[in-house]
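Heads up, coords22.cif below (mmCIF, C-alpha atoms):
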data_entry
loop_
_atom_site.label_atom_id
_atom_site.label_comp_id
_atom_site.auth_asym_id
_atom_site.auth_seq_id
_atom_site.Cartn_x
_atom_site.Cartn_y
_atom_site.Cartn_z
CA MET N 1 7.55 -1.46 24.94
CA ILE N 2 5.91 -3.98 22.63
CA SER N 3 4.55 -6.06 25.44
CA GLU N 4 3.26 -2.87 27.02
CA ALA N 5 1.42 -1.97 23.83
CA LEU N 6 0.08 -5.50 23.60
CA THR N 7 -1.21 -5.52 27.17
CA ASN N 8 -2.79 -2.15 26.57
CA SER N 9 -4.73 -3.38 23.59
CA PHE N 10 -5.70 -6.58 25.38
CA ASP N 11 -6.99 -4.44 28.26
CA LEU N 12 -9.03 -2.49 25.77
CA ALA N 13 -10.52 -5.63 24.32
CA ILE N 14 -11.41 -6.87 27.78
CA ALA N 15 -12.81 -3.47 28.70
CA ALA N 16 -14.96 -3.67 25.59
CA ILE N 17 -16.72 -6.80 26.88
CA PRO N 18 -19.10 -5.36 29.47
CA GLN N 19 -19.99 -2.41 27.23
CA ASP N 20 -22.15 -4.57 25.03
CA GLY N 21 -23.35 -6.68 27.92
CA ALA N 22 -23.28 -9.98 26.10
CA GLN N 23 -20.43 -12.47 26.46
CA ASP N 24 -20.69 -13.38 22.76
CA ALA N 25 -19.93 -9.85 21.70
CA GLY N 26 -16.89 -9.84 23.96
CA ASN N 27 -15.57 -12.98 22.33
CA SER N 28 -15.98 -11.47 18.93
CA TYR N 29 -14.05 -8.35 19.97
CA LEU N 30 -11.20 -10.49 21.20
CA GLY N 31 -11.53 -12.49 17.99
CA ILE N 32 -11.25 -9.37 15.84
CA LEU N 33 -8.26 -8.22 17.86
CA LEU N 34 -6.39 -11.51 17.57
CA ARG N 35 -7.31 -11.88 13.91
CA SER N 36 -6.10 -8.42 13.03
CA ILE N 37 -2.84 -8.81 14.99
CA PHE N 38 -1.80 -12.32 14.00
CA VAL N 39 -3.87 -14.17 11.42
CA GLU N 40 -4.72 -11.32 9.08
CA ASN N 41 -1.72 -9.19 9.87
CA ILE N 42 -2.12 -6.05 7.80
CA LEU N 43 1.47 -6.16 6.61
CA LEU N 44 2.17 -9.86 6.30
CA ALA N 45 -1.16 -11.01 4.86
CA PHE N 46 -2.35 -7.90 3.00
CA PHE N 47 0.99 -6.26 2.22
CA LEU N 48 -0.16 -2.86 3.45
CA GLY N 49 2.29 -0.30 4.73
CA MET N 50 5.21 -1.90 2.93
CA CYS N 51 6.81 1.36 1.82
CA SER N 52 7.44 2.83 5.23
CA TYR N 53 8.16 -0.67 6.48
CA LEU N 54 11.00 -1.09 3.98
CA ALA N 55 12.30 2.40 4.61
CA ILE N 56 12.29 2.32 8.41
CA CYS N 57 12.92 -1.28 9.38
CA LYS N 58 16.69 -0.90 9.49
CA ARG N 59 16.66 0.29 13.10
CA VAL N 60 14.76 -1.16 16.03
CA ASP N 61 14.21 2.08 17.97
CA SER N 62 12.73 4.04 15.08
CA SER N 63 10.62 0.99 14.14
CA VAL N 64 9.09 1.01 17.62
CA GLY N 65 8.43 4.76 17.32
CA LEU N 66 6.76 4.46 13.95
CA GLY N 67 4.79 1.41 15.06
CA ILE N 68 3.36 3.21 18.08
CA ALA N 69 2.50 6.20 15.91
CA VAL N 70 0.65 3.86 13.52
CA ILE N 71 -1.35 2.27 16.36
CA PHE N 72 -2.20 5.76 17.60
CA VAL N 73 -3.34 7.07 14.22
CA LEU N 74 -5.21 3.87 13.29
CA GLY N 75 -7.04 3.89 16.63
CA ILE N 76 -8.27 7.40 15.82
CA THR N 77 -8.88 7.36 12.07
CA VAL N 78 -10.68 4.02 11.68
CA PRO N 79 -13.51 4.97 14.10
CA LEU N 80 -13.54 8.50 12.66
CA ASN N 81 -14.00 7.15 9.15
CA TRP N 82 -16.64 4.78 10.51
CA ILE N 83 -18.65 7.77 11.71
CA ILE N 84 -18.22 9.52 8.35
CA GLN N 85 -19.12 6.39 6.39
CA THR N 86 -22.19 5.60 8.49
CA TYR N 87 -23.64 9.08 8.84
CA ILE N 88 -22.61 10.79 5.60
CA LEU N 89 -21.38 8.53 2.82
CA ALA N 90 -23.27 5.23 2.86
CA PRO N 91 -26.38 4.90 0.67
CA GLY N 92 -29.26 6.48 2.60
CA ALA N 93 -26.95 7.64 5.38
CA LEU N 94 -28.07 11.23 5.11
CA SER N 95 -31.65 10.38 6.07
CA TRP N 96 -31.05 12.18 9.40
CA ALA N 97 -30.64 15.35 7.33
CA GLY N 98 -33.83 14.67 5.39
CA MET N 99 -32.15 13.19 2.29
CA PRO N 100 -32.97 9.45 2.37
CA ASP N 101 -32.04 8.90 -1.31
CA SER N 102 -28.49 10.19 -1.04
CA ASP N 103 -25.56 7.97 -1.99
CA LEU N 104 -22.21 9.63 -1.65
CA SER N 105 -20.14 6.46 -1.58
CA TYR N 106 -18.24 7.51 -4.70
CA LEU N 107 -16.65 10.23 -2.55
CA GLN N 108 -15.35 7.59 -0.14
CA PHE N 109 -11.68 7.64 -1.20
CA LEU N 110 -11.46 11.40 -1.22
CA THR N 111 -13.14 11.85 2.16
CA PHE N 112 -11.21 9.06 3.84
CA ILE N 113 -7.81 10.29 2.72
CA ALA N 114 -8.72 13.88 3.61
CA THR N 115 -9.89 12.74 7.06
CA ILE N 116 -6.67 10.82 7.58
CA ALA N 117 -4.50 13.73 6.49
CA ALA N 118 -6.44 16.13 8.70
CA ALA N 119 -6.44 13.75 11.68
CA VAL N 120 -2.69 13.22 11.39
CA GLN N 121 -2.16 16.96 11.23
CA ILE N 122 -4.37 17.58 14.29
CA VAL N 123 -2.79 14.74 16.25
CA GLU N 124 0.62 16.16 15.45
CA MET N 125 -0.32 19.62 16.69
CA ALA N 126 -2.07 18.25 19.78
CA VAL N 127 0.86 16.05 20.72
CA ASP N 128 3.23 18.96 20.20
CA LYS N 129 1.20 21.17 22.55
CA MET N 130 0.37 18.62 25.22
CA SER N 131 3.40 16.38 25.42
CA PRO N 132 6.66 17.66 23.95
CA LYS N 133 8.34 14.47 25.13
CA LEU N 134 6.00 12.25 23.09
CA TYR N 135 6.32 14.68 20.20
CA ALA N 136 10.08 14.33 20.21
CA ALA N 137 9.64 10.56 19.96
CA LEU N 138 6.79 10.42 17.41
CA GLY N 139 6.97 13.80 15.70
CA ILE N 140 9.05 12.93 12.69
CA PHE N 141 6.98 9.81 11.99
CA LEU N 142 3.55 11.40 12.00
CA PRO N 143 3.71 13.14 8.58
CA LEU N 144 4.95 9.89 7.02
CA ILE N 145 1.85 8.15 8.23
CA ALA N 146 -0.66 10.14 6.18
CA VAL N 147 0.50 8.32 3.07
CA ASN N 148 0.94 4.92 4.71
CA CYS N 149 -1.42 2.56 2.93
CA ALA N 150 -2.00 0.56 6.12
CA ILE N 151 -4.01 3.52 7.44
CA LEU N 152 -6.26 3.96 4.40
CA GLY N 153 -6.40 0.18 3.91
CA SER N 154 -7.71 -0.44 7.43
CA SER N 155 -10.48 2.09 6.88
CA MET N 156 -11.42 0.41 3.61
CA PHE N 157 -11.43 -3.03 5.21
CA MET N 158 -13.56 -1.66 8.04
CA VAL N 159 -16.18 -0.62 5.47
CA GLU N 160 -15.90 -3.86 3.51
CA ARG N 161 -16.41 -6.01 6.62
CA ASN N 162 -19.30 -3.98 8.04
CA TYR N 163 -17.81 -3.52 11.49
CA SER N 164 -19.77 -1.74 14.21
CA PHE N 165 -18.32 1.33 15.91
CA THR N 166 -16.70 -0.54 18.83
CA GLU N 167 -15.47 -3.24 16.47
CA SER N 168 -13.84 -0.57 14.33
CA VAL N 169 -11.97 0.79 17.38
CA VAL N 170 -10.75 -2.71 18.25
CA TYR N 171 -9.84 -3.41 14.63
CA GLY N 172 -7.91 -0.16 14.26
CA ILE N 173 -5.82 -0.80 17.35
CA GLY N 174 -5.38 -4.48 16.50
CA SER N 175 -4.11 -3.93 12.99
CA GLY N 176 -1.77 -1.22 14.23
CA THR N 177 -0.37 -3.63 16.81
CA GLY N 178 0.09 -6.27 14.14
CA TRP N 179 2.00 -3.80 12.01
CA LEU N 180 4.21 -2.86 14.97
CA LEU N 181 4.98 -6.52 15.66
CA ALA N 182 5.94 -7.15 12.05
CA ILE N 183 8.16 -4.10 11.65
CA VAL N 184 9.95 -4.54 15.00
CA SER N 185 10.71 -8.21 14.38
CA MET N 186 11.95 -7.36 10.89
CA ALA N 187 14.15 -4.55 12.22
CA ALA N 188 15.72 -6.92 14.73
CA ILE N 189 16.40 -9.51 12.02
CA ARG N 190 17.86 -6.92 9.65
CA TRP N 191 20.23 -5.80 12.37
CA LYS N 192 21.60 -9.33 12.49
CA LEU N 193 21.62 -9.64 8.70
CA ARG N 194 24.08 -6.76 8.37
CA THR N 195 26.93 -9.05 9.27
CA ALA N 196 25.71 -12.02 7.23
CA HIS N 197 27.37 -13.03 3.97
CA ILE N 198 24.71 -12.37 1.35
CA PRO N 199 25.27 -12.33 -2.45
CA ALA N 200 25.77 -8.67 -3.39
CA PRO N 201 22.68 -8.17 -5.62
CA LEU N 202 20.49 -9.83 -2.98
CA LYS N 203 21.56 -7.40 -0.27
CA GLY N 204 19.03 -4.92 1.02
CA LEU N 205 15.65 -5.20 -0.68
CA GLY N 206 15.96 -8.78 -1.96
CA ILE N 207 16.87 -10.45 1.30
CA THR N 208 14.38 -8.27 3.18
CA PHE N 209 11.58 -9.61 0.99
CA ILE N 210 12.62 -13.21 1.42
CA THR N 211 12.93 -12.81 5.19
CA THR N 212 9.53 -11.11 5.28
CA GLY N 213 8.16 -14.11 3.40
CA LEU N 214 9.50 -16.41 6.10
CA ILE N 215 8.01 -14.22 8.88
CA ALA N 216 4.70 -14.24 7.00
CA MET N 217 4.84 -18.01 6.91
CA ALA N 218 5.43 -18.10 10.66
CA PHE N 219 2.46 -15.80 11.23
CA MET N 220 0.26 -18.04 9.08
CA THR N 221 0.57 -20.77 11.68
CA PHE N 222 -1.56 -18.58 13.96
CA SER N 223 -4.54 -19.20 11.71
CA GLY N 224 -5.33 -22.33 13.70
CA ILE N 225 -6.26 -20.26 16.76
CA MET D 1 -0.47 22.44 -25.16
CA THR D 2 0.86 25.09 -27.54
CA SER D 3 1.48 27.65 -24.82
CA THR D 4 3.27 25.20 -22.51
CA ALA D 5 5.32 23.69 -25.33
CA ALA D 6 6.32 27.11 -26.64
CA PRO D 7 9.73 27.34 -24.91
CA GLU D 8 10.76 23.99 -26.35
CA THR D 9 9.59 24.44 -29.93
CA LYS D 10 13.10 23.73 -31.11
CA ALA D 11 13.17 20.36 -29.40
CA PRO D 12 11.28 17.55 -31.15
CA LEU D 13 8.08 16.37 -29.47
CA PHE D 14 9.55 12.95 -28.84
CA GLY D 15 13.34 13.28 -28.87
CA GLU D 16 16.15 11.59 -26.98
CA GLU D 17 15.24 13.14 -23.63
CA GLU D 18 11.60 12.03 -23.93
CA LYS D 19 12.67 8.55 -24.92
CA ARG D 20 14.89 8.37 -21.86
CA ILE D 21 12.04 9.53 -19.63
CA VAL D 22 9.84 6.68 -20.84
CA LEU D 23 12.45 3.91 -21.01
CA ASP D 24 14.49 4.57 -17.87
CA PRO D 25 11.84 3.32 -15.43
CA MET D 26 11.69 -0.03 -17.26
CA LEU D 27 15.02 -1.33 -15.95
CA ASP D 28 17.55 1.26 -14.84
CA GLN D 29 15.23 3.20 -12.56
CA ASN D 30 12.48 0.65 -12.10
CA PRO D 31 10.09 1.94 -9.41
CA ILE D 32 9.70 -1.44 -7.73
CA THR D 33 13.09 -3.10 -7.91
CA LEU D 34 15.36 -0.08 -7.62
CA GLN D 35 13.43 2.84 -6.19
CA VAL D 36 11.54 0.52 -3.79
CA LEU D 37 8.21 2.29 -4.24
CA GLY D 38 4.68 0.97 -4.47
CA ILE D 39 5.34 -2.48 -3.12
CA CYS D 40 2.04 -2.86 -1.27
CA SER D 41 -0.22 -3.34 -4.23
CA ALA D 42 2.50 -5.11 -6.21
CA LEU D 43 2.05 -8.11 -3.97
CA ALA D 44 -1.58 -8.07 -2.98
CA VAL D 45 -3.16 -8.16 -6.42
CA THR D 46 -0.77 -10.51 -8.16
CA THR D 47 -2.35 -13.88 -7.42
CA ARG D 48 -3.54 -14.04 -11.05
CA LEU D 49 -2.29 -12.51 -14.28
CA ASP D 50 -5.55 -10.92 -15.42
CA VAL D 51 -5.95 -9.05 -12.12
CA SER D 52 -2.33 -7.89 -12.37
CA ILE D 53 -2.91 -6.56 -15.87
CA VAL D 54 -5.98 -4.58 -14.83
CA MET D 55 -4.12 -3.21 -11.81
CA GLY D 56 -1.17 -2.26 -14.02
CA ILE D 57 -3.40 -0.40 -16.48
CA SER D 58 -5.19 1.37 -13.63
CA VAL D 59 -1.91 2.56 -12.15
CA ILE D 60 -0.67 3.79 -15.56
CA ALA D 61 -3.93 5.71 -16.05
CA VAL D 62 -3.84 7.25 -12.56
CA MET D 63 -0.19 8.24 -12.87
CA ALA D 64 -0.67 9.80 -16.30
CA MET D 65 -3.70 11.81 -15.16
CA ALA D 66 -2.23 12.90 -11.83
CA ASN D 67 1.15 13.80 -13.31
CA VAL D 68 -0.41 16.00 -16.01
CA ALA D 69 -2.79 17.69 -13.56
CA ILE D 70 -0.06 18.45 -11.01
CA SER D 71 2.30 19.58 -13.74
CA LEU D 72 -0.29 22.06 -15.02
CA LEU D 73 -0.86 23.32 -11.48
CA ARG D 74 2.77 23.24 -10.41
CA ASN D 75 3.29 26.99 -10.37
CA LEU D 76 0.05 27.64 -8.49
CA ILE D 77 0.45 25.22 -5.60
CA PRO D 78 1.84 26.74 -2.39
CA SER D 79 4.58 24.39 -1.25
CA LYS D 80 3.20 24.15 2.29
CA ILE D 81 -0.01 22.42 1.26
CA ARG D 82 1.33 20.54 -1.76
CA ILE D 83 0.96 17.10 -0.17
CA ILE D 84 -2.76 17.70 0.44
CA VAL D 85 -3.22 19.04 -3.10
CA GLN D 86 -1.41 16.02 -4.52
CA LEU D 87 -3.53 13.64 -2.44
CA VAL D 88 -6.73 15.29 -3.63
CA VAL D 89 -5.67 15.17 -7.28
CA VAL D 90 -4.63 11.51 -7.00
CA SER D 91 -7.89 10.60 -5.22
CA GLY D 92 -9.81 12.27 -8.02
CA ALA D 93 -7.96 10.24 -10.64
CA VAL D 94 -8.46 7.03 -8.65
CA ILE D 95 -12.19 7.72 -8.29
CA ILE D 96 -12.43 8.07 -12.10
CA VAL D 97 -10.57 4.78 -12.67
CA ASP D 98 -12.66 3.02 -10.02
CA GLN D 99 -15.95 4.19 -11.52
CA VAL D 100 -14.83 3.17 -15.03
CA LEU D 101 -13.81 -0.29 -13.79
CA ARG D 102 -17.10 -0.74 -11.97
CA ALA D 103 -18.97 0.19 -15.12
CA TYR D 104 -17.04 -1.97 -17.59
CA ALA D 105 -15.33 -4.73 -15.63
CA PHE D 106 -17.40 -5.23 -12.51
CA ASP D 107 -16.11 -8.71 -11.64
CA LEU D 108 -12.49 -7.63 -11.79
CA ALA D 109 -13.27 -4.47 -9.86
CA LYS D 110 -14.81 -6.65 -7.15
CA GLN D 111 -11.68 -8.80 -7.00
CA LEU D 112 -9.35 -5.83 -6.78
CA GLY D 113 -11.60 -4.56 -3.98
CA VAL D 114 -9.88 -2.15 -1.65
CA PHE D 115 -6.63 -2.28 -3.58
CA ILE D 116 -7.89 0.09 -6.28
CA SER D 117 -8.47 2.69 -3.58
CA LEU D 118 -4.97 2.03 -2.27
CA ILE D 119 -3.46 3.40 -5.48
CA ILE D 120 -4.01 6.74 -3.71
CA THR D 121 -1.35 5.91 -1.16
CA ASN D 122 0.86 4.09 -3.64
CA CYS D 123 4.23 5.69 -3.12
CA ILE D 124 5.11 5.56 -6.83
CA VAL D 125 2.31 7.99 -7.64
CA MET D 126 3.16 10.41 -4.85
CA GLY D 127 6.87 9.95 -5.45
CA ARG D 128 6.71 10.87 -9.13
CA LEU D 129 4.41 13.82 -8.46
CA GLU D 130 6.85 15.16 -5.92
CA ALA D 131 10.03 14.33 -7.82
CA PHE D 132 9.01 14.98 -11.42
CA ALA D 133 5.65 16.61 -12.06
CA MET D 134 6.29 19.48 -9.64
CA ALA D 135 9.29 20.56 -11.73
CA ASN D 136 8.51 19.62 -15.34
CA PRO D 137 6.08 20.65 -18.12
CA PRO D 138 2.91 18.60 -18.77
CA TRP D 139 4.05 16.65 -21.85
CA ARG D 140 7.15 15.29 -20.14
CA SER D 141 5.20 14.62 -16.96
CA LEU D 142 2.71 12.60 -18.98
CA LEU D 143 5.55 10.52 -20.44
CA ASP D 144 7.13 10.13 -17.02
CA GLY D 145 3.81 8.95 -15.58
CA ILE D 146 3.31 6.42 -18.38
CA GLY D 147 6.92 5.24 -18.18
CA ASN D 148 6.87 4.65 -14.45
CA GLY D 149 3.42 3.11 -14.68
CA LEU D 150 4.74 0.67 -17.31
CA GLY D 151 7.82 -0.10 -15.22
CA TYR D 152 5.50 -0.98 -12.36
CA ALA D 153 3.02 -2.85 -14.55
CA TRP D 154 5.49 -5.23 -16.15
CA ILE D 155 6.92 -6.30 -12.80
CA ILE D 156 3.52 -7.07 -11.33
CA CYS D 157 2.54 -8.91 -14.53
CA VAL D 158 5.63 -11.11 -14.22
CA VAL D 159 4.87 -11.78 -10.54
CA GLY D 160 1.22 -12.45 -11.43
CA ALA D 161 2.13 -14.84 -14.24
CA PHE D 162 4.53 -16.84 -12.04
CA ARG D 163 2.07 -17.05 -9.18
CA GLU D 164 -0.76 -18.16 -11.46
CA ILE D 165 1.30 -20.77 -13.32
CA PHE D 166 2.86 -22.35 -10.25
CA GLY D 167 -0.04 -21.72 -7.88
CA SER D 168 -2.89 -23.05 -10.00
CA GLY D 169 -1.28 -24.42 -13.18
CA LYS D 170 -3.14 -21.90 -15.31
CA LEU D 171 -2.42 -18.71 -17.20
CA LEU D 172 -5.22 -16.20 -17.81
CA GLY D 173 -7.61 -19.01 -16.87
CA PHE D 174 -6.27 -21.54 -19.41
CA GLN D 175 -4.47 -24.62 -18.19
CA VAL D 176 -0.79 -24.47 -19.17
CA ILE D 177 0.66 -27.32 -17.16
CA PRO D 178 -0.40 -30.49 -19.02
CA ASP D 179 -2.44 -33.24 -17.35
CA ALA D 180 0.40 -35.66 -17.97
CA MET D 181 2.51 -33.73 -15.47
CA TYR D 182 -0.19 -34.03 -12.79
CA GLU D 183 -0.47 -37.75 -13.52
CA ALA D 184 3.27 -38.05 -13.10
CA GLY D 185 2.88 -36.69 -9.57
CA TYR D 186 3.22 -32.91 -10.04
CA VAL D 187 1.20 -30.81 -7.60
CA ASN D 188 0.36 -27.13 -7.64
CA ASN D 189 2.41 -25.12 -5.18
CA GLY D 190 -0.23 -23.69 -2.86
CA LEU D 191 2.33 -21.45 -1.20
CA MET D 192 2.53 -19.33 -4.36
CA VAL D 193 -1.05 -18.17 -3.95
CA LEU D 194 -0.49 -17.21 -0.32
CA ALA D 195 1.29 -14.14 0.99
CA PRO D 196 4.70 -15.71 1.82
CA GLY D 197 5.06 -16.98 -1.76
CA ALA D 198 4.56 -13.44 -3.06
CA PHE D 199 7.24 -12.04 -0.77
CA ILE D 200 9.78 -14.70 -1.68
CA LEU D 201 9.02 -14.50 -5.41
CA LEU D 202 9.40 -10.72 -5.47
CA GLY D 203 12.61 -11.05 -3.48
CA VAL D 204 13.99 -13.39 -6.13
CA ILE D 205 12.87 -11.10 -8.99
CA VAL D 206 14.58 -8.14 -7.32
CA TRP D 207 17.68 -10.29 -6.93
CA VAL D 208 17.72 -11.31 -10.60
CA LEU D 209 17.08 -7.78 -11.92
CA ARG D 210 19.73 -6.24 -9.70
CA TRP D 211 22.15 -8.95 -10.71
CA ILE D 212 21.50 -8.18 -14.40
CA ARG D 213 21.99 -4.45 -13.85
CA GLY D 214 24.94 -4.96 -11.54
CA TYR D 215 23.32 -2.84 -8.81
CA THR D 216 24.21 -3.31 -5.15
CA GLU D 217 22.84 -1.69 -2.04
CA ASN D 218 25.18 -0.63 0.71
#

Now that the file is in, can you turn its structure into structure tokens?
Amino acid sequence: MISEALTNSFDLAIAAIPQDGAQDAGNSYLGILLRSIFVENILLAFFLGMCSYLAICKRVDSSVGLGIAVIFVLGITVPLNWIIQTYILAPGALSWAGMPDSDLSYLQFLTFIATIAAAVQIVEMAVDKMSPKLYAALGIFLPLIAVNCAILGSSMFMVERNYSFTESVVYGIGSGTGWLLAIVSMAAIRWKLRTAHIPAPLKGLGITFITTGLIAMAFMTFSGI
Amino acid sequence: MTSTAAPETKAPLFGEEEKRIVLDPMLDQNPITLQVLGICSALAVTTRLDVSIVMGISVIAVMAMANVAISLLRNLIPSKIRIIVQLVVVSGAVIIVDQVLRAYAFDLAKQLGVFISLIITNCIVMGRLEAFAMANPPWRSLLDGIGNGLGYAWIICVVGAFREIFGSGKLLGFQVIPDAMYEAGYVNNGLMVLAPGAFILLGVIVWVLRWIRGYTEN
């Protein structure tokens, strides 16, 4: 399932190449994808989405479900917030409506979180209507996601790094994939840890943090790529 | 205040119960080490002590404001849309804190960057709104917000202090590890400044605190 998700996002990155025409742009899309999955993993390098990560990562199957839901929601909300940022909120963005002096960027947090909450709600209803099977798998995870800081964080990073629209799509899917990788590997390790002899006060949260630190260290070695 | 406090006029304004509300989150019910809430920002902003302090104060301010606002509105909010209402109230409080920081501490605000905005999705804030402010009067909610904010703030200040001392040999920008140590071959531990160091350090702090309190997870 992971490899499937990975191939899917790689396909997307490759499909993004001819859209811009230039080979350089294609490289940078692949670069953004790899950076957001491995080097700047949203969970292991920026600590985002820790709460649901710590709550869910006890079981592998629910980790995969939540991870796929995160990829799904990130792939939708990051580009959506890009549109809102570029055409409504940024300084001078309302010039198409005849208001070139407008600067609504102070409303950024409120609009982004409202967009995310609304998008999650709509996605949930749409999935329920169109694919009951997918809903049964993802349904319980979707409401959790509205308050997952990885989702809001990715949108904020997208603004901070001045991504273009296509880049924001690639970045959204990439950081979701990175999150999925981190949570699934952690879930697998925690499964093994259940039978390990750990000092009682270190059990649970403590050892999870230390193991996450070691995974983060492993992911840092990707920064050479 | 008078109308809301009316039913409890017999109780003192800051009695045993209020004291418990403020002090419990420090150790016994600490949001980070025991309730496992709000970890994201606890790690990201703690590379230096001054940034941790500002983040701690911001979280206390947001929690106090949001808790009071939700507590005042608690009988008016339909339970179906309460999450959205809570998110809007918290975003409002975070916008206020962000604008104040940009006005008075621009450099620090720049360093905190996106993490100020991420207070919105900090689970401590949402968790306390849901668990406490929805069911308690404003004065107690204010105390609960401040108490949990402080419980969060002191942990991130400890993490920040450790990471700054061992990562760069400084504390609040002043050198604390003497030159003699460096001459004797001591080197700063670069790992502390990076993400893995934060994870491992917080893991150890959780371990120590749980050991002191005798708490174990099943």

To one decimal place, how far is CA of Leu27 (chain D) from CA of Lys58 (chain N) in Å?
25.5 Å

Counting only C-alpha atoms, which residues of chain D fall within 9 Å of chain N, and what is the closest atom pair for each with its distance in Å at one decimal, ordered by chain and rising number, as a tab-separated table?
residue	atom	partner	partner_atom	distance
D:Thr33	CA	N:Leu205	CA	8.0
D:Leu34	CA	N:Leu205	CA	8.6
D:Val36	CA	N:Cys51	CA	7.4
D:Leu37	CA	N:Cys51	CA	6.3
D:Gly38	CA	N:Cys51	CA	6.7
D:Ile39	CA	N:Met50	CA	6.1
D:Cys40	CA	N:Phe47	CA	5.0
D:Ser41	CA	N:Phe47	CA	7.2
D:Ala42	CA	N:Phe47	CA	8.6
D:Leu43	CA	N:Phe47	CA	6.5
D:Ala44	CA	N:Phe46	CA	6.0
D:Ile84	CA	N:Ala117	CA	7.4
D:Leu87	CA	N:Ile113	CA	7.5
D:Val88	CA	N:Leu110	CA	6.6
D:Val90	CA	N:Leu110	CA	8.9
D:Ser91	CA	N:Leu110	CA	5.4
D:Gly92	CA	N:Leu110	CA	7.1
D:Val94	CA	N:Phe109	CA	8.1
D:Ile95	CA	N:Tyr106	CA	7.0
D:Asp98	CA	N:Tyr106	CA	8.9
D:Gln99	CA	N:Tyr106	CA	7.9
D:Gly113	CA	N:Glu160	CA	8.7
D:Val114	CA	N:Met156	CA	6.0
D:Phe115	CA	N:Gly153	CA	7.9
D:Ser117	CA	N:Phe109	CA	6.4
D:Leu118	CA	N:Cys149	CA	6.3
D:Ile119	CA	N:Cys149	CA	8.7
D:Ile120	CA	N:Phe109	CA	8.1
D:Thr121	CA	N:Val147	CA	5.2
D:Asn122	CA	N:Cys149	CA	7.1
D:Cys123	CA	N:Cys51	CA	7.1
D:Met126	CA	N:Val147	CA	8.6
D:Leu194	CA	N:Ala45	CA	8.1
D:Ala195	CA	N:Ala45	CA	5.5
D:Pro196	CA	N:Gly213	CA	4.1
D:Gly197	CA	N:Gly213	CA	6.7
D:Ala198	CA	N:Gly213	CA	7.4
D:Phe199	CA	N:Gly213	CA	4.7
D:Ile200	CA	N:Ile210	CA	4.5
D:Leu201	CA	N:Ile210	CA	7.8
D:Leu202	CA	N:Phe209	CA	6.9
D:Gly203	CA	N:Gly206	CA	4.3
D:Val204	CA	N:Gly206	CA	6.5
D:Ile205	CA	N:Gly206	CA	8.0
D:Val206	CA	N:Gly206	CA	5.6
D:Trp207	CA	N:Leu202	CA	4.9
D:Val208	CA	N:Pro201	CA	7.7
D:Leu209	CA	N:Pro201	CA	8.4
D:Arg210	CA	N:Pro201	CA	5.4
D:Trp211	CA	N:Pro201	CA	5.2
D:Ile212	CA	N:Pro201	CA	8.9
D:Gly214	CA	N:Pro201	CA	7.1
D:Tyr215	CA	N:Pro201	CA	6.2
D:Thr216	CA	N:Pro201	CA	5.1
D:Glu217	CA	N:Gly204	CA	5.9
D:Asn218	CA	N:Gly204	CA	7.5

I would like the residues chosen by the PyMOL selection byres ((chain D and resi 66-80) around 10) on the shown file; could you give them as a ChimeraX atom specification?
/D:4,60-65,81-94,125-126,128-130,132-146

Rank nothing, just name the residue among N:Gly98, N:Ile76, N:Ile68, N:Gly178 nearest to Leu134 (chain N), using only C-alpha atoms.
N:Ile68

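A straight line drawn from CA of Met125 (chain N) to CA of Val60 (chain N) is 25.7 Å long.
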